[in-house]
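> Input: one structure, supplied below.
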Amino acid sequence: MSAPGTPRARVAEPATPIPARIGSTVQSSPHYTTTRRHSLYGTEDRIILDPGSRIWKVGFSGEGRPRDVMLVADSQHGETSLWKLTRLEGDVGMEEQERMLEAMLQDRLRAVFHDSLLTDPKSRKVIIVENALLPLYIKEMIARILFNNLQVPSISFASSHLLALLGVGRITGLVLDCGYLESTALPLFASRPLFPNLRTTPLAGARLTNHLRALLLYFGEYYPPLTSLGGSANTPAASHPKRVPAEILTDAVMEEIKMRCCFVGPALDDAENLTGSPALEADSSVELEVPPSDMSIEDSEASHSPSHRASMDVDMASVSVPSGSTSLSVDAAPHVRQGEAYLRKLRKMYERNSTATNLAFKVVPPPGSQTGTGRGTLIVPGWIRERGAEVLFDGGDVDESSVAEVILDALLKVPVDLRKTLASSILVVGGTPMLPGFIPRLHAELIQALTRPLPSPSPRTSRARNTSTRNANKPNPPPYDHYASIRPLAPHIAILNNPSPDSSSATGVVRSSRASAHAGKAPAFTPAVLPWVGGSLAGALKIGGEEIAREKWDEATGGQDDEIGPDESMEVVDERPRRAPHILPDWSRAPLLPGAPPAPRPQQLPAMSQQAAVGA
Amino acid sequence: MAPSVNYHCPCLSSAATPPPPNLPSSSYSFHPLHTLYFCEECDAVRCNRCVSVEVSGYYCPNCLFEVPSASVRAEKNRCARNCFQCPHCRNTLSVVPSDPPDAGDLTSSTIQIGSIGEPPFFLYCNYCRWDSAEVGITFEKPTGLALQLQKTEDSAPDSLEFERLKEHFEPFLRASSLSASTSHLPSTSHAPHTHTNPITAAASSALARDIPGVGKYNPSLGRSGGPGGGGGRSGRDRTANKDEMPEYRSRVQIGGAGSGGDEDADLMRHLEVPAEIARLEQRWVSSWATSLQSKHLKPLRIPLHSKPTKRCPSCRHILIKPEQKAQSVKYKIKLVAANYLPAITAHLPHAQIPKRPVALKSSVTSSTGPPAAEEDTAEPTMVAGKTYPFQLALTNPLYDPIHVRLAVQRAPLPPQLQSQDTAGTTDKEKEKTRRPPFAVSLPTSAFPIAAFAEAWEYEDEEELFDEDGGLVDKSSPAKDRAGKGKTKTVGVLEKKANCTVVGGEVVIGREGRGDVKFNMLVSYTYRSDDPAPSDGGEGDVEPRSPTAPKAAPEMKTFSFFTVVDLGVIVPKDETKVE
Ligand SMILES: [Zn+2]
Ligand SMILES: [Zn+2]
Ligand SMILES: [Zn+2]
Ligand SMILES: [Zn+2]
């Protein structure tokens, strides 16, 4: 290993983003260092917490696997994630939503220490595996609860993308985190996240669930449980399949179908590809109407009424954002509802491209159904199992890049000299890539996007709109091929944790030696747990990142919030939780780009405008 | 749902008054009395959301073995003896020898464990008949199985890979932090950071070099080498291994392990029964590429439980301390709020009297089946536009009589006020925050509750403890309200032993909807010369009464909030449907 080189001439200001966060926020006090030394003994292990919006992984540093993995969504109230991409607007709604979230976060965090790890929080330092887009207000809530309620001695936040790379023994790479609410591609070089090049798309786990649900509602079959054993009448009802009642497709059932039945088939031919099929495009209609965010099952039932369905067939071009809400995000809706005609076309195409078996799945019948007892049967067609995930690979939409496009978009933003390095060091993490076949398919999609024949001179309308949008941002794009400048990278594309690195060589591109040296060479940790494993490693190596000590926090926030006696005055007190501005380091407020657009983490920005804002 | 009364703990917010009761979040601030603690030092209620919890002992919930805390960490918080769960049904597994008597039944074989069994032992599920030999797990000795299994866990591929990763990074970090601390970077040079944060130190030592095309992110310079900008001039591929990190060689490469790849996809494609695939929860703790199939699931070691000691979050006094023994459910110290605050229960007499015949009949006729539907109709319903009496029964836990005063919290909090104002003008305002459209009357003057005494000290009042029904239905002065209505609804209805029943009234608006749920302030006055009735030995300091000399008998007042939930309002039109 070579010694670190001395800085070369051009280095005048070695202010990288990371030191900038450090320097600007915390000064060490001698007191802090000494107490630290003492407490290290015996309680050296850090708590590593990877707090996803839906699933948390917790454990101790230095161990190769988390001690516990827990579902944190408030599933009793039909929630699928603890927080959403968007915050409610308006004072009352938002405050209440934040109070609820903080109370639930407190429950979960207390459970981590008291029920799961059985350890005393007051003696345990904590490393938070931080997703780059974890909303700042949630980060502050987590810190507030850990410090004030649980009184942990220190917290550090470490980039989940960086930690994932550590987990495969690297500090340079392009990491796609395909989680529940969104997929985020972030290039990192020499352990430095290149945040301005971050790209994100809402095509992720939640979207897949919604899509699967829509397909099952239209094309699944449901057999209610047989009427009681000595059944009164012969029950023709039970022997004929029924339309799938929306109530049976609960979040729990959907997750089970997803993880137990679904997988990702090989890439479709370009000719078959959704975006490449003009016939399909003509009346494809994705409904973008935004229901109130507390829309519940009743609403989804309503979407089955014929009248409602008719209204879904909105022409693509005429889809517009409802007035008063620039923060449109389809994920605000529990179900992405799609026109039936469109889904029927999908079915035709998917059926042609699937050989998977149909599966019978036992489900609890809808409440209040009169027939029989016991469980009903849901038939999950094989093509849904194999092709449901197509929704994640379906590109061509400027607002919603496919999971492959989001990688390529990040690559486009990366400085030219780093592109080849990063293209051959792609790492895929998160829960959604646990689907069998996901990563090989992603590889095939990347190659396909870089090698596809150039589009005809008369592009389809939506593509034209895409390019014109991008024209605004980029000085010199090639006319029709968005990825022209990175086409030469095709042979270098390698996914470090590709479980089948050789199967996808069938794409016809000869792999470069560098790509061959990297593809599939990562250790066999699962994509979902890699960021946690990296956190555990960082904790063991004492490189968990900058620590915020509780003393520091107390100083900045004016002591603990919870020392409240029963003050009997009925006096009105401002209930807003106290903010701790700038005590928590955060990349989004590092002084990176003066005059640049606002950092992409202001809470009200939706995913799609984030995408525009991030590195534009 | 029967009417309920929950008690406020102020820990969740800095406000002195509780949140409006109809906000969903208010449920996090109110708790059943029996879950609350009371700190004598602070003279305050504490709840399970704010007490600080320490582990005073670990034990296995299955074998009740008390595990010394020293070994808990190494044994990964799990029982190191013979306790396992079935990976399929979570039933506790038994240890059986490998020579099950041919004709014998399995129960006898399990009884003989340790006496006769033949060496390879395995784990067996009496419920779903799974056994660990199916996944190749057998044991030479029938004791300490978990420890034997853990040894294989410690040499599991993920552990070994993890160790290799550490070895991979250590020399790099050592070199980098050395160079970082000696050579450069004023911004990170105040001592702790170069050490606590060597990954960034390491990185910055690498990054201090000129990286082609990577802008310096210098605030004053802007992005000198932004995307597509000045960076791309060098034509040569100089980027290989620029980060100075040697290539990591995995012990086990994912590309060879194949998990999640084409083989798994193929397995899924030809799947016949979903149950062949392990559930996500059965797989997700494993960090290592493992089989998808349920038939490969391994037995689970049983997680230990802890005995928690709970302390007051502000003064650190112990509120609850369990006895050490795993079998014991007793506490050495137990300062529960129920010993300090009057217990309050709520009743809706109208819901019980008129519906009683229906409920009785149904329970007689269909005594076998659950008469769910009938009971639903027997639930307290309050129709919009009507007026209902309700009763609150307060029971005094103190050895001294108390005087209680009740007040409905009328002053809404700012957010509610706001929304209320807007709700007056526009209907668009969120329903949940608008003011509940009902009015509650409660007795305004203070009323006494007699001291708690042991049962035999009261005269013959057996019905004292069969609280709800007994007090209401026996010969109480207020019982005739059902027939005639307006005898006396608001005021003290009944005093019996240490329980006093007061009546209130709720007037529901014509357009009323939602829950009849209101915050109620309860203040009670007691003699403080005899501070702690039962457990507390340390009650001689009274921080809340700095003015009074503590020797003299003195009246003190303690106040707390409750939320009373009487039930749902039935809108007018819906009642006709019924
Ligand atoms: Zn509390
Ligand atoms: Zn045990
Ligand atoms: Zn079993
Ligand atoms: Zn206290």
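Residues in the structure tokens are numbered from 1 in each chain, the chains being A, B, ... in the order shown, and ligands are numbered from 1 in the order shown.
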Please give me, as a list in words, the residues lying within 10 Å of ligand 4 when counting only C-alpha atoms and all ligand atoms.
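Those within range of ligand 4 are Glu563 and Gly565 of chain A; Phe38, Cys39, Glu40, Glu41, Cys42, Asp43, Ala44, Val45, Arg46, Val51, Arg311, Cys312, Pro313, Ser314, Cys315, Arg316, His317, Ile318 and Leu319 of chain B.
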> Save the residues we just selected, N, CA, C and O atoms, as a CSV table (one decimal), in the first residue's frame?

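Full text of out-v6.csv as output:
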```csv
chain,number,residue,atom,x,y,z
A,563,GLU,N,-37.5,17.9,32.5
A,563,GLU,CA,-37.6,18.2,33.9
A,563,GLU,C,-38.8,19.1,34.2
A,563,GLU,O,-38.7,20.3,34.4
A,565,GLY,N,-42.1,19.7,36.3
A,565,GLY,CA,-42.9,19.4,37.4
A,565,GLY,C,-44.4,19.6,37.0
A,565,GLY,O,-44.7,20.1,36.0
B,38,PHE,N,-45.1,7.0,40.9
B,38,PHE,CA,-45.2,8.3,41.6
B,38,PHE,C,-43.9,8.6,42.3
B,38,PHE,O,-43.4,7.8,43.1
B,39,CYS,N,-43.3,9.7,42.0
B,39,CYS,CA,-42.0,10.0,42.6
B,39,CYS,C,-42.3,10.9,43.8
B,39,CYS,O,-42.8,12.0,43.6
B,40,GLU,N,-42.0,10.5,45.0
B,40,GLU,CA,-42.3,11.3,46.2
B,40,GLU,C,-41.4,12.5,46.2
B,40,GLU,O,-41.7,13.5,46.7
B,41,GLU,N,-40.2,12.2,45.8
B,41,GLU,CA,-39.2,13.3,45.8
B,41,GLU,C,-39.6,14.5,45.0
B,41,GLU,O,-39.5,15.6,45.4
B,42,CYS,N,-40.1,14.2,43.8
B,42,CYS,CA,-40.5,15.3,42.9
B,42,CYS,C,-42.0,15.6,43.1
B,42,CYS,O,-42.5,16.6,42.5
B,43,ASP,N,-42.7,14.8,43.8
B,43,ASP,CA,-44.1,14.9,43.9
B,43,ASP,C,-44.8,14.9,42.6
B,43,ASP,O,-45.5,15.8,42.2
B,44,ALA,N,-44.5,13.9,41.8
B,44,ALA,CA,-44.9,14.0,40.4
B,44,ALA,C,-45.2,12.5,39.9
B,44,ALA,O,-44.6,11.6,40.3
B,45,VAL,N,-46.1,12.5,39.0
B,45,VAL,CA,-46.5,11.2,38.3
B,45,VAL,C,-45.4,11.0,37.2
B,45,VAL,O,-44.9,11.9,36.6
B,46,ARG,N,-45.0,9.7,37.1
B,46,ARG,CA,-44.0,9.3,36.1
B,46,ARG,C,-44.7,8.1,35.3
B,46,ARG,O,-45.4,7.3,35.9
B,51,VAL,N,-39.7,7.2,32.6
B,51,VAL,CA,-38.8,6.7,33.6
B,51,VAL,C,-37.5,6.2,32.9
B,51,VAL,O,-37.5,5.7,31.8
B,311,ARG,N,-36.2,4.4,37.4
B,311,ARG,CA,-35.9,5.5,38.2
B,311,ARG,C,-36.7,6.8,37.7
B,311,ARG,O,-37.0,6.8,36.5
B,312,CYS,N,-36.8,7.7,38.6
B,312,CYS,CA,-37.4,9.0,38.2
B,312,CYS,C,-36.4,9.6,37.3
B,312,CYS,O,-35.2,9.7,37.6
B,313,PRO,N,-36.9,10.2,36.2
B,313,PRO,CA,-36.0,10.8,35.2
B,313,PRO,C,-35.3,12.0,35.7
B,313,PRO,O,-34.2,12.4,35.3
B,314,SER,N,-35.9,12.7,36.7
B,314,SER,CA,-35.3,14.0,37.1
B,314,SER,C,-34.5,13.9,38.4
B,314,SER,O,-33.5,14.5,38.5
B,315,CYS,N,-35.0,13.1,39.3
B,315,CYS,CA,-34.2,13.0,40.6
B,315,CYS,C,-33.5,11.7,40.8
B,315,CYS,O,-32.8,11.5,41.7
B,316,ARG,N,-33.7,10.8,39.9
B,316,ARG,CA,-33.1,9.5,39.8
B,316,ARG,C,-33.4,8.6,41.0
B,316,ARG,O,-32.8,7.5,41.2
B,317,HIS,N,-34.4,8.9,41.8
B,317,HIS,CA,-34.8,8.0,42.8
B,317,HIS,C,-35.5,6.8,42.2
B,317,HIS,O,-36.1,6.9,41.2
B,318,ILE,N,-35.3,5.7,42.9
B,318,ILE,CA,-35.9,4.4,42.4
B,318,ILE,C,-37.4,4.4,42.5
B,318,ILE,O,-37.9,4.7,43.6
B,319,LEU,N,-38.1,4.1,41.5
B,319,LEU,CA,-39.5,4.0,41.5
B,319,LEU,C,-40.0,2.6,41.6
B,319,LEU,O,-41.0,2.2,42.3
```
> Using only C-alpha atoms and all ligand atoms, what are the residues with an atom within 6 Å of ligand 1, set out as a PyMOL selection string?
chain B and resi 9-11+46-47+49-50
> How about saving the chosen residues, N, CA and C atoms kept, as a PDB file, in the first residue's frame?

```
ATOM      1  N   CYS B   9     -49.415  12.101  32.139  1.00  0.00           N
ATOM      2  CA  CYS B   9     -48.034  12.321  32.550  1.00  0.00           C
ATOM      3  C   CYS B   9     -47.493  13.415  31.647  1.00  0.00           C
ATOM      4  N   PRO B  10     -46.941  14.447  32.220  1.00  0.00           N
ATOM      5  CA  PRO B  10     -46.588  15.619  31.412  1.00  0.00           C
ATOM      6  C   PRO B  10     -45.274  15.486  30.652  1.00  0.00           C
ATOM      7  N   CYS B  11     -44.698  14.275  30.599  1.00  0.00           N
ATOM      8  CA  CYS B  11     -43.332  14.195  30.101  1.00  0.00           C
ATOM      9  C   CYS B  11     -43.190  14.482  28.609  1.00  0.00           C
ATOM     10  N   ARG B  46     -44.996   9.700  37.121  1.00  0.00           N
ATOM     11  CA  ARG B  46     -44.044   9.290  36.080  1.00  0.00           C
ATOM     12  C   ARG B  46     -44.651   8.121  35.323  1.00  0.00           C
ATOM     13  N   CYS B  47     -44.325   8.069  34.039  1.00  0.00           N
ATOM     14  CA  CYS B  47     -44.911   6.989  33.237  1.00  0.00           C
ATOM     15  C   CYS B  47     -43.811   6.166  32.583  1.00  0.00           C
ATOM     16  N   ARG B  49     -43.017   6.020  29.643  1.00  0.00           N
ATOM     17  CA  ARG B  49     -42.336   6.711  28.558  1.00  0.00           C
ATOM     18  C   ARG B  49     -41.209   7.585  29.072  1.00  0.00           C
ATOM     19  N   CYS B  50     -41.222   7.910  30.364  1.00  0.00           N
ATOM     20  CA  CYS B  50     -40.190   8.831  30.842  1.00  0.00           C
ATOM     21  C   CYS B  50     -39.274   8.244  31.911  1.00  0.00           C
TER      22      CYS B  50
END
```
> Return as a ChimeraX atom specification every polymer residue, whether protein, DNA or RNA, with at least one atom no more than 10 Å from an atom of ligand 3; count only C-alpha atoms and all ligand atoms.
/B:85-93,124-131,299
> Got a sec to check which residues lie within 10 Å of ligand 2, using only C-alpha atoms and all ligand atoms, and send them as an MDAnalysis selection string?
chainID B and resid 59:67 78:84 144 146 301:304
> Which residues in region 251-339 of chain B does DSSP call helix (DSSP H, G or I)? List them as an MDAnalysis selection string.
chainID B and resid 254:257 262:269 274:276 280:283 294:296 337:339
> When you look at region 519-525 of chain B with a cut-off of 6 Å (counting only C-alpha atoms), what residues show up, excluding the ones that are within fewer than 6 positions of it in the same chain? I need them as a list in words.
Ile402, His403, Val404, Arg405, Leu406, Ala407, Val408, Gln409, Lys556, Thr557, Phe558, Ser559, Phe560, Phe561, Thr562 and Val563 of chain B
> Between CA of Ile257 (chain A) and CA of Asp394 (chain A), what distance in Å does the model show, to one decimal?
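Rounded to one decimal, the two atoms are 21.0 Å apart.
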> I'd like the contact shell of region 261-276 of chain B - 7 Å cut-off, only C-alpha atoms, skipping same-chain residues fewer than 5 positions apart - returned as a ChimeraX atom specification.
/A:260-261,263-264,356-357,359,361,436-437,440,499-500 /B:293-295
> Counting only C-alpha atoms, which of A:Met104, A:Leu411, A:Ile48, A:Val72 gets nearest to Val529 (chain A)?
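The shortest atom-to-atom distance to Val529 (chain A) comes from A:Ile48.
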> Quick one: pull the distance between CA of Ala384 (chain B) and CA of Gly509 (chain B), Å, one decimal.
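Distance between the two atoms: 5.8 Å.
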> Of the candidates B:Ala2, B:Leu300, B:Val95, B:Val336, which one gets nearest to Glu140 (chain B) if we count only C-alpha atoms?
B:Val95
> Could you pull the residues within 7 Å of Arg46 (chain A), counting only C-alpha atoms, minus those fewer than 6 positions along the same chain, as a PyMOL selection string?
chain A and resi 60-61+124-127+539
> Quick one: of B:Gly567, B:Pro142, B:Pro18, B:Pro120, who's nearest to chain A, counting only C-alpha atoms?
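Selected residue with least distance to chain A: B:Pro18.
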> Which residues, written as an MDAnalysis selection string, have at least one atom at most 6 Å from Ala346 (chain B), with only C-alpha atoms counted and residues fewer than 6 positions away on the same chain left out?
chainID B and resid 3 391:392
> Could you please take those selected residues and save C-alpha atoms as a PDB file, in the first residue's frame?

```
ATOM      1  CA  PRO B   3     -66.038   4.605  29.327  1.00  0.00           C
ATOM      2  CA  GLN B 391     -71.031   9.053  36.970  1.00  0.00           C
ATOM      3  CA  LEU B 392     -67.500   9.150  38.223  1.00  0.00           C
TER       4      LEU B 392
END
```
> Looking at only C-alpha atoms, which of B:Ile137, B:Val502, B:Leu147, B:Ala289 is the one that sits closest to chain A?
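Selected residue with least distance to chain A: B:Ala289.
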